[in-house]
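Coordinates from input-v4.csv are shown below (CSV, C-alpha atoms).
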```csv
chain,number,residue,atom,x,y,z
A,847,MET,CA,-19.4,24.2,3.5
A,848,ALA,CA,-21.6,21.3,4.5
A,849,GLY,CA,-24.0,20.3,1.8
A,850,SER,CA,-21.8,21.6,-1.0
A,851,VAL,CA,-18.6,20.8,-2.8
A,852,ARG,CA,-15.7,23.2,-3.4
A,853,ARG,CA,-14.8,22.5,-7.0
A,854,PRO,CA,-11.7,23.8,-8.7
A,855,GLU,CA,-11.5,23.5,-12.5
A,856,GLN,CA,-10.6,19.9,-13.5
A,857,THR,CA,-8.0,19.9,-16.2
A,858,GLY,CA,-6.9,16.2,-16.1
A,859,PRO,CA,-7.9,13.6,-18.7
A,860,PRO,CA,-11.5,12.1,-18.3
A,861,GLU,CA,-10.2,8.7,-17.4
A,862,LEU,CA,-8.9,10.1,-14.1
A,863,PHE,CA,-12.3,10.7,-12.7
A,864,TYR,CA,-15.1,8.2,-11.9
A,865,ASN,CA,-18.2,8.6,-13.9
A,866,GLU,CA,-21.7,8.5,-12.2
A,867,THR,CA,-22.2,4.7,-12.8
A,868,GLU,CA,-18.8,3.8,-11.2
A,869,ALA,CA,-19.4,6.2,-8.4
A,870,ARG,CA,-22.8,4.6,-7.5
A,871,LYS,CA,-21.3,1.1,-7.6
A,872,TYR,CA,-19.4,1.9,-4.4
A,873,THR,CA,-22.5,2.8,-2.5
A,874,GLN,CA,-24.8,0.0,-3.8
A,875,ASN,CA,-22.5,-3.0,-3.5
A,876,SER,CA,-22.9,-4.4,0.0
A,877,ARG,CA,-19.6,-6.2,-0.2
A,878,MET,CA,-17.7,-3.1,-1.1
A,879,ILE,CA,-19.4,-1.2,1.7
A,880,GLU,CA,-18.5,-3.9,4.2
A,881,ILE,CA,-14.8,-3.9,3.1
A,882,GLN,CA,-14.6,-0.1,3.1
A,883,THR,CA,-16.1,0.1,6.6
A,884,GLN,CA,-13.7,-2.5,7.9
A,885,MET,CA,-10.7,-0.7,6.5
A,886,SER,CA,-11.9,2.6,7.8
A,887,GLU,CA,-12.4,1.1,11.3
A,888,ARG,CA,-8.9,-0.2,11.3
A,889,ALA,CA,-7.4,3.1,10.0
A,890,VAL,CA,-9.2,5.0,12.8
A,891,GLU,CA,-8.0,2.5,15.3
A,892,LEU,CA,-4.4,3.0,14.2
A,893,LEU,CA,-4.8,6.8,14.7
A,894,SER,CA,-5.0,6.1,18.5
A,895,LEU,CA,-7.3,9.1,19.0
A,896,PRO,CA,-8.1,10.2,22.6
A,897,GLU,CA,-11.2,8.5,24.1
A,898,ASP,CA,-14.4,10.4,24.7
A,899,GLN,CA,-13.1,13.4,22.8
A,900,PRO,CA,-14.3,14.5,19.4
A,901,CYS,CA,-11.5,15.1,16.9
A,902,PHE,CA,-11.2,16.9,13.6
A,903,LEU,CA,-10.0,14.5,10.9
A,904,LEU,CA,-9.1,14.7,7.2
A,905,ASP,CA,-10.3,11.9,4.8
A,906,VAL,CA,-8.0,11.9,1.7
A,907,GLY,CA,-9.7,10.2,-1.3
A,908,CYS,CA,-13.1,10.3,0.6
A,909,GLY,CA,-15.0,9.2,-2.5
A,910,SER,CA,-18.8,8.8,-1.7
A,911,GLY,CA,-18.2,9.3,2.0
A,912,LEU,CA,-18.3,5.6,3.2
A,913,SER,CA,-15.2,6.1,5.4
A,914,GLY,CA,-16.6,9.4,6.6
A,915,ASP,CA,-19.8,7.7,7.8
A,916,TYR,CA,-17.7,5.6,10.2
A,917,ILE,CA,-15.8,8.7,11.4
A,918,SER,CA,-19.2,10.4,12.1
A,919,GLU,CA,-20.4,7.3,13.9
A,920,GLN,CA,-17.4,7.5,16.3
A,921,GLY,CA,-18.4,11.1,17.2
A,922,HIS,CA,-15.7,12.9,15.2
A,923,HIS,CA,-15.9,15.7,12.6
A,924,TRP,CA,-14.2,15.4,9.2
A,925,VAL,CA,-13.4,17.1,5.9
A,926,GLY,CA,-13.0,14.9,2.8
A,927,ILE,CA,-11.1,15.7,-0.4
A,928,ASP,CA,-11.4,13.7,-3.6
A,929,ILE,CA,-10.4,14.2,-7.3
A,930,SER,CA,-13.7,12.7,-8.6
A,931,SER,CA,-16.7,15.1,-8.8
A,932,ALA,CA,-19.0,12.2,-9.6
A,933,MET,CA,-18.0,10.4,-6.3
A,934,LEU,CA,-18.6,13.7,-4.4
A,935,ASP,CA,-22.0,14.1,-6.0
A,936,VAL,CA,-23.0,10.7,-4.6
A,937,ALA,CA,-21.7,11.8,-1.2
A,938,LEU,CA,-23.9,14.9,-1.4
A,939,GLU,CA,-26.9,12.8,-2.3
A,940,ARG,CA,-26.2,10.6,0.7
A,941,GLU,CA,-26.1,13.7,2.9
A,942,VAL,CA,-22.8,12.9,4.6
A,943,GLU,CA,-22.0,15.0,7.6
A,944,GLY,CA,-18.5,16.0,6.5
A,945,ASP,CA,-17.4,18.9,4.4
A,946,LEU,CA,-16.2,18.1,0.9
A,947,ILE,CA,-13.5,19.5,-1.4
A,948,CYS,CA,-12.9,18.5,-5.0
A,949,GLY,CA,-9.2,18.5,-5.6
A,950,ASP,CA,-6.0,16.6,-6.6
A,951,MET,CA,-4.0,15.5,-3.6
A,952,GLY,CA,-0.9,15.4,-5.8
A,953,GLN,CA,-1.1,19.2,-6.0
A,954,GLY,CA,-1.2,19.5,-2.2
A,955,ILE,CA,-4.0,20.2,0.2
A,956,PRO,CA,-5.3,23.7,1.0
A,957,PHE,CA,-5.4,23.8,4.8
A,958,ARG,CA,-3.8,26.0,7.5
A,959,PRO,CA,-1.0,24.6,9.7
A,960,GLY,CA,-2.1,22.4,12.6
A,961,THR,CA,-5.8,22.1,11.4
A,962,PHE,CA,-6.4,18.4,11.8
A,963,ASP,CA,-6.0,16.0,14.7
A,964,GLY,CA,-5.4,13.1,12.3
A,965,CYS,CA,-5.8,11.9,8.7
A,966,ILE,CA,-7.0,8.6,7.1
A,967,SER,CA,-7.1,7.5,3.5
A,968,ILE,CA,-8.6,4.3,2.1
A,969,SER,CA,-7.4,2.9,-1.2
A,970,ALA,CA,-6.2,6.2,-2.6
A,971,LEU,CA,-2.5,6.9,-2.0
A,972,GLN,CA,-1.2,4.4,-4.6
A,973,TRP,CA,-2.7,6.5,-7.4
A,974,LEU,CA,0.0,9.1,-6.8
A,975,CYS,CA,2.6,6.5,-7.9
A,976,ASN,CA,1.2,6.7,-11.5
A,977,ALA,CA,2.2,9.3,-14.1
A,978,ASP,CA,-1.2,9.9,-15.8
A,979,LYS,CA,0.1,13.0,-17.6
A,980,LYS,CA,3.4,13.9,-19.1
A,981,THR,CA,3.9,16.6,-16.5
A,982,HIS,CA,3.3,14.2,-13.6
A,983,SER,CA,6.3,13.1,-11.6
A,984,PRO,CA,5.3,10.6,-8.9
A,985,PRO,CA,8.1,11.5,-6.5
A,986,ARG,CA,7.3,15.2,-6.7
A,987,ARG,CA,3.6,14.7,-6.3
A,988,LEU,CA,4.1,12.5,-3.3
A,989,TYR,CA,6.4,14.9,-1.7
A,990,CYS,CA,4.1,17.8,-2.4
A,991,PHE,CA,1.2,16.0,-0.8
A,992,PHE,CA,3.1,14.7,2.3
A,993,SER,CA,4.8,18.1,2.9
A,994,MET,CA,1.5,20.0,2.9
A,995,LEU,CA,-0.2,17.2,5.0
A,996,TYR,CA,2.6,17.4,7.6
A,997,SER,CA,1.9,21.1,7.9
A,998,ALA,CA,-1.8,20.6,8.2
A,999,LEU,CA,-1.6,18.1,11.0
A,1000,ALA,CA,-1.3,19.0,14.7
A,1001,ARG,CA,2.0,18.0,16.2
A,1002,GLY,CA,1.8,14.6,17.8
A,1003,SER,CA,-1.0,13.4,15.5
A,1004,ARG,CA,-1.0,10.6,13.1
A,1005,ALA,CA,-1.9,9.8,9.5
A,1006,VAL,CA,-2.9,6.3,8.4
A,1007,PHE,CA,-3.1,5.3,4.7
A,1008,GLN,CA,-4.5,2.0,3.5
A,1009,LEU,CA,-3.1,1.3,0.1
A,1010,TYR,CA,-2.7,-1.4,-2.5
A,1011,PRO,CA,1.0,-1.2,-3.7
A,1012,GLU,CA,1.8,-2.9,-7.0
A,1013,ASN,CA,5.3,-3.9,-5.8
A,1014,ALA,CA,8.1,-3.2,-3.2
A,1015,GLN,CA,9.4,-0.3,-5.3
A,1016,GLN,CA,6.1,1.6,-4.8
A,1017,LEU,CA,6.2,1.0,-1.1
A,1018,GLU,CA,9.8,2.3,-0.9
A,1019,LEU,CA,8.9,5.3,-3.0
A,1020,VAL,CA,5.9,6.3,-0.9
A,1021,THR,CA,7.7,5.7,2.4
A,1022,ALA,CA,10.8,7.6,1.3
A,1023,GLN,CA,8.9,10.7,0.3
A,1024,ALA,CA,6.9,10.7,3.5
A,1025,MET,CA,10.1,10.6,5.6
A,1026,ARG,CA,11.6,13.3,3.4
A,1027,ALA,CA,8.6,15.5,4.2
A,1028,GLY,CA,9.3,15.1,8.0
A,1029,PHE,CA,7.1,12.2,9.0
A,1030,THR,CA,8.3,9.2,11.0
A,1031,GLY,CA,6.7,5.8,11.2
A,1032,GLY,CA,6.4,2.9,8.7
A,1033,MET,CA,4.3,0.2,7.2
A,1034,VAL,CA,1.9,-1.9,9.3
A,1035,VAL,CA,0.8,-5.2,7.5
A,1036,ASP,CA,-2.3,-7.0,8.7
A,1037,TYR,CA,-2.4,-10.8,8.1
A,1038,PRO,CA,0.9,-10.9,6.2
A,1039,ASN,CA,0.6,-14.6,5.5
A,1040,SER,CA,-2.9,-14.4,3.9
A,1041,ALA,CA,-3.3,-13.8,0.2
A,1042,LYS,CA,-6.8,-12.3,0.6
A,1043,ALA,CA,-6.9,-10.7,4.0
A,1044,LYS,CA,-3.4,-9.1,3.7
A,1045,LYS,CA,-3.7,-5.3,4.1
A,1046,PHE,CA,-1.0,-2.5,4.0
A,1047,PHE,CA,-1.4,0.5,6.3
A,1048,LEU,CA,1.2,3.3,6.2
A,1049,CYS,CA,1.2,4.7,9.7
A,1050,LEU,CA,2.9,8.1,10.0
A,1051,PHE,CA,3.7,10.3,13.0
A,1052,ALA,CA,3.8,14.1,12.7
A,1053,GLY,CA,6.2,15.9,14.9
A,1054,VAL,CA,7.1,13.1,17.3
A,1055,SER,CA,8.3,9.5,17.0
A,1056,GLY,CA,5.9,6.9,18.2
A,1057,VAL,CA,5.9,3.1,18.6
A,1058,LEU,CA,4.7,1.5,15.3
A,1059,PRO,CA,1.6,-0.6,16.0
A,1060,LYS,CA,1.7,-4.4,15.3
A,1061,GLY,CA,-0.3,-5.7,12.4
A,1062,LEU,CA,-3.2,-8.0,12.9
A,1063,GLY,CA,-2.5,-11.7,12.5
A,1064,THR,CA,1.3,-11.3,13.2
A,1065,GLU,CA,1.3,-12.9,16.6
A,1066,SER,CA,0.5,-16.4,15.3
A,1067,ALA,CA,3.1,-16.0,12.5
A,1068,GLU,CA,5.8,-15.0,15.1
A,1069,GLN,CA,4.9,-18.0,17.3
A,1070,GLU,CA,5.0,-20.3,14.3
A,1071,SER,CA,8.4,-19.0,13.1
A,1072,SER,CA,9.9,-19.2,16.7
A,1073,ARG,CA,9.2,-22.9,16.8
A,1074,HIS,CA,11.0,-23.6,13.5
A,1075,VAL,CA,13.7,-20.9,13.5
A,1076,ALA,CA,17.3,-22.1,13.1
A,1077,PHE,CA,20.5,-20.1,13.1
A,1078,THR,CA,23.5,-20.8,10.9
A,1079,ASN,CA,26.7,-19.0,10.0
A,1080,GLN,CA,26.6,-20.1,6.4
A,1081,ARG,CA,25.4,-17.7,3.7
A,1082,MET,CA,22.1,-18.6,2.0
A,1083,ARG,CA,23.1,-18.0,-1.6
A,1084,PHE,CA,20.0,-19.6,-3.0
A,1085,LYS,CA,17.3,-18.7,-0.5
A,1086,LEU,CA,14.9,-17.6,-3.2
A,1087,THR,CA,15.0,-20.8,-5.3
A,1088,ARG,CA,11.9,-22.1,-3.6
A,1089,GLY,CA,12.8,-25.8,-3.6
A,1090,LYS,CA,14.5,-25.8,-7.0
A,1091,SER,CA,18.0,-27.0,-7.4
A,1092,ALA,CA,20.7,-24.3,-7.2
A,1093,LYS,CA,21.7,-23.1,-10.6
A,1094,LYS,CA,24.9,-24.7,-12.0
A,1095,SER,CA,24.8,-27.3,-9.3
A,1096,LYS,CA,25.1,-31.0,-10.2
A,1097,ASP,CA,21.4,-31.7,-9.6
A,1098,TRP,CA,20.5,-28.7,-11.8
A,1099,ILE,CA,22.7,-29.9,-14.6
A,1100,LEU,CA,21.3,-33.5,-14.5
A,1101,GLU,CA,17.7,-32.2,-14.4
A,1102,LYS,CA,18.4,-30.0,-17.4
A,1103,LYS,CA,19.9,-32.8,-19.4
A,1104,GLU,CA,17.0,-35.1,-18.6
A,1105,ARG,CA,14.5,-32.4,-19.8
A,1106,ARG,CA,16.5,-32.1,-23.1
A,1107,ARG,CA,16.4,-35.9,-23.5
A,1108,ARG,CA,12.6,-35.9,-23.1
A,1109,GLN,CA,12.5,-33.2,-25.8
A,1110,GLY,CA,14.3,-35.6,-28.2
A,1111,LYS,CA,17.5,-33.6,-28.2
A,1112,GLU,CA,21.0,-35.1,-28.3
A,1113,VAL,CA,22.6,-34.9,-24.9
A,1114,ARG,CA,26.0,-36.2,-23.6
A,1115,ALA,CA,25.9,-39.2,-21.3
A,1116,ASP,CA,26.0,-38.7,-17.6
A,1117,THR,CA,29.4,-39.5,-16.0
A,1118,LYS,CA,31.0,-39.1,-12.6
A,1119,PHE,CA,32.4,-35.8,-13.9
A,1120,SER,CA,29.0,-34.2,-14.7
A,1121,GLY,CA,28.6,-31.0,-12.7
A,1122,ARG,CA,32.0,-31.5,-10.9
A,1123,LYS,CA,33.6,-28.5,-9.2
A,1124,ARG,CA,36.6,-27.1,-11.1
A,1125,ARG,CA,39.6,-25.5,-9.6
A,1126,PRO,CA,39.8,-21.7,-10.0
A,1127,HIS,CA,41.9,-20.4,-12.9
A,1128,PHE,CA,45.1,-18.6,-12.2
```
Represent the structure from my file as structure tokens, please.
Amino acid sequence: MAGSVRRPEQTGPPELFYNETEARKYTQNSRMIEIQTQMSERAVELLSLPEDQPCFLLDVGCGSGLSGDYISEQGHHWVGIDISSAMLDVALEREVEGDLICGDMGQGIPFRPGTFDGCISISALQWLCNADKKTHSPPRRLYCFFSMLYSALARGSRAVFQLYPENAQQLELVTAQAMRAGFTGGMVVDYPNSAKAKKFFLCLFAGVSGVLPKGLGTESAEQESSRHVAFTNQRMRFKLTRGKSAKKSKDWILEKKERRRRQGKEVRADTKFSGRKRRPHF
């Protein structure tokens, strides 16, 4: 299959697939290449593959083959699957060493049970959380993908997905469908306190439960928190107010009245009874 692409008929809307210009951007921009290579390196590291032993890996959302290049450099063999024929055409021009398949991962992956020793995916999994067509159901598509991937992986292997979630609900949806399909594991977050360097990796175990790796940059965060941590028996009702006065408190009421005065509105004068606590009603 090397040197060619298996292409099923694409029936999705045109906006789902990268055109040739967008596809080439990912192989001509040095910054994008550097970032893609770094994330691929981290994903392969999280796979914890045996040393000095070539493995057979699956690259989901392989695109133009940048992550596959790193896999080949490490002495492993790989198969890539991507929904964009334009991206795969660029991969063919670059003469990547892996085999390529054009397909929608939300419809499952066509491989025999136990085929792969591991799986990586860079910046692709979050697209399954979108409903690009009326017939698309994100939970169903995620479950279909994860269940067929679980079958295609050898028992004891791992799958690592680098993704860009929009919110916590997407993370919960993705993780829940992966666990429902039989995987164990969880989310590894590198540099959690950095806005730019923060990266999410979903690390899944097939068939066995493993120890979830620690994210990069978490050691310093743990040490910093251990120096300032304090324990209390009181409930933190307003822990998300971020320095603002608690709503309905005396300070909150006085601040609100002062704002209204600055706006030129009529406000009652402050007294010792402003914001006082009232007894509960019978």
Considering only C-alpha atoms, can you say which of A:Leu946, A:Ala1005, A:Ile955, A:Leu1019 comes closest to Ser983 in chain A? A:Leu1019
Applying 6 Å and all atoms listed in the file, which residues near Ser967 in chain A remain after dropping the ones on its own chain fewer than 6 positions away? List them as a ChimeraX atom specification. /A:905-906,1007
Give me a file of those residues, with C-alpha atoms, as an mmCIF file, in the coordinates of the input.
```
data_model
loop_
_atom_site.group_PDB
_atom_site.id
_atom_site.type_symbol
_atom_site.label_atom_id
_atom_site.label_comp_id
_atom_site.auth_asym_id
_atom_site.auth_seq_id
_atom_site.Cartn_x
_atom_site.Cartn_y
_atom_site.Cartn_z
ATOM 1 C CA ASP A 905 -10.300 11.900 4.800
ATOM 2 C CA VAL A 906 -8.000 11.900 1.700
ATOM 3 C CA PHE A 1007 -3.100 5.300 4.700
#
```
Rounded to one decimal in Å, what is the spacing between CA of Cys948 in chain A and CA of Leu1048 in chain A? 23.6 Å
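Ranking A:Lys1096, A:Leu912, A:Pro900, A:Val1006 by their shortest atom-to-atom distance to Ser876 in chain A, with only C-alpha atoms included, puts A:Leu912 first.
Counting from CA of Ala932 in chain A, the distance to CA of Pro984 in chain A is 24.4 Å.
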From the list A:Ser993, A:Gln920, A:Ser1040, A:Gln1008, the nearest residue to Trp973 in chain A using all atoms listed in the file is A:Gln1008
Show which residues sit within 12 Å of Gly921 in chain A, as a PyMOL selection string. Count only C-alpha atoms, and ignore same-chain residues fewer than 2 positions away. chain A and resi 890+895-903+914-919+923-924+943-944
Considering all atoms listed in the file, tabulate each residue of range 898-995 of chain A that lies at most 9 Å from range 1009-1016 of chain A along with its nearest interatomic pair and the corresponding distance in Å to one decimal; arrange the rows by chain and ascending residue number and present them as a tab-separated table.
```
residue	atom	partner	partner_atom	distance
A:Ser967	CA	A:Leu1009	CA	8.1
A:Ile968	CA	A:Leu1009	CA	6.6
A:Ser969	CA	A:Leu1009	CA	4.8
A:Ala970	CA	A:Leu1009	CA	6.4
A:Leu971	CA	A:Leu1009	CA	6.0
A:Gln972	CA	A:Leu1009	CA	5.9
A:Cys975	CA	A:Gln1016	CA	6.8
```
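Using all atoms listed in the file for every distance, the candidate list A:Tyr1037, A:Trp1098, A:Tyr996, A:Phe991 yields A:Tyr996 as the residue closest to Gly1053 in chain A.
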Need the shell around Lys1123 in chain A: protein/DNA/RNA residues with any atom at most 12 Å away, counting only C-alpha atoms. Skip same-chain ones fewer than 5 positions apart. Format as a list of chain:residue names? A:Lys1094, A:Ser1095, A:Lys1096, A:Lys1118
So that I have them on file, write out the residues from the current selection with C-alpha atoms, as an mmCIF file, in the frame of the given file.
```
data_model
loop_
_atom_site.group_PDB
_atom_site.id
_atom_site.type_symbol
_atom_site.label_atom_id
_atom_site.label_comp_id
_atom_site.auth_asym_id
_atom_site.auth_seq_id
_atom_site.Cartn_x
_atom_site.Cartn_y
_atom_site.Cartn_z
ATOM 1 C CA LYS A 1094 24.900 -24.700 -12.000
ATOM 2 C CA SER A 1095 24.800 -27.300 -9.300
ATOM 3 C CA LYS A 1096 25.100 -31.000 -10.200
ATOM 4 C CA LYS A 1118 31.000 -39.100 -12.600
#
```
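For the atom pair formed by CA of Ser910 in chain A and CA of Asn875 in chain A, the distance is 12.5 Å, given to one decimal.
The smallest atom-to-atom distance between Ile947 in chain A and any of A:Pro959, A:Gly1002, A:Leu904, A:His922, using only C-alpha atoms, is found for A:Leu904.
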Mind checking which residues fall within 7 Å of Gly952 in chain A, counting only C-alpha atoms, ignoring those fewer than 3 positions away in the same chain, and posting them as a CSV table (one decimal) with C-alpha atoms, keeping the file's coordinate frame?
```csv
chain,number,residue,atom,x,y,z
A,974,LEU,CA,0.0,9.1,-6.8
A,987,ARG,CA,3.6,14.7,-6.3
A,988,LEU,CA,4.1,12.5,-3.3
A,990,CYS,CA,4.1,17.8,-2.4
A,991,PHE,CA,1.2,16.0,-0.8
```
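Here the question is which of A:Arg1004, A:Arg1114, A:Arg940, A:Arg986 gets nearest to Gly909 in chain A using all atoms listed in the file, and that residue is A:Arg940.
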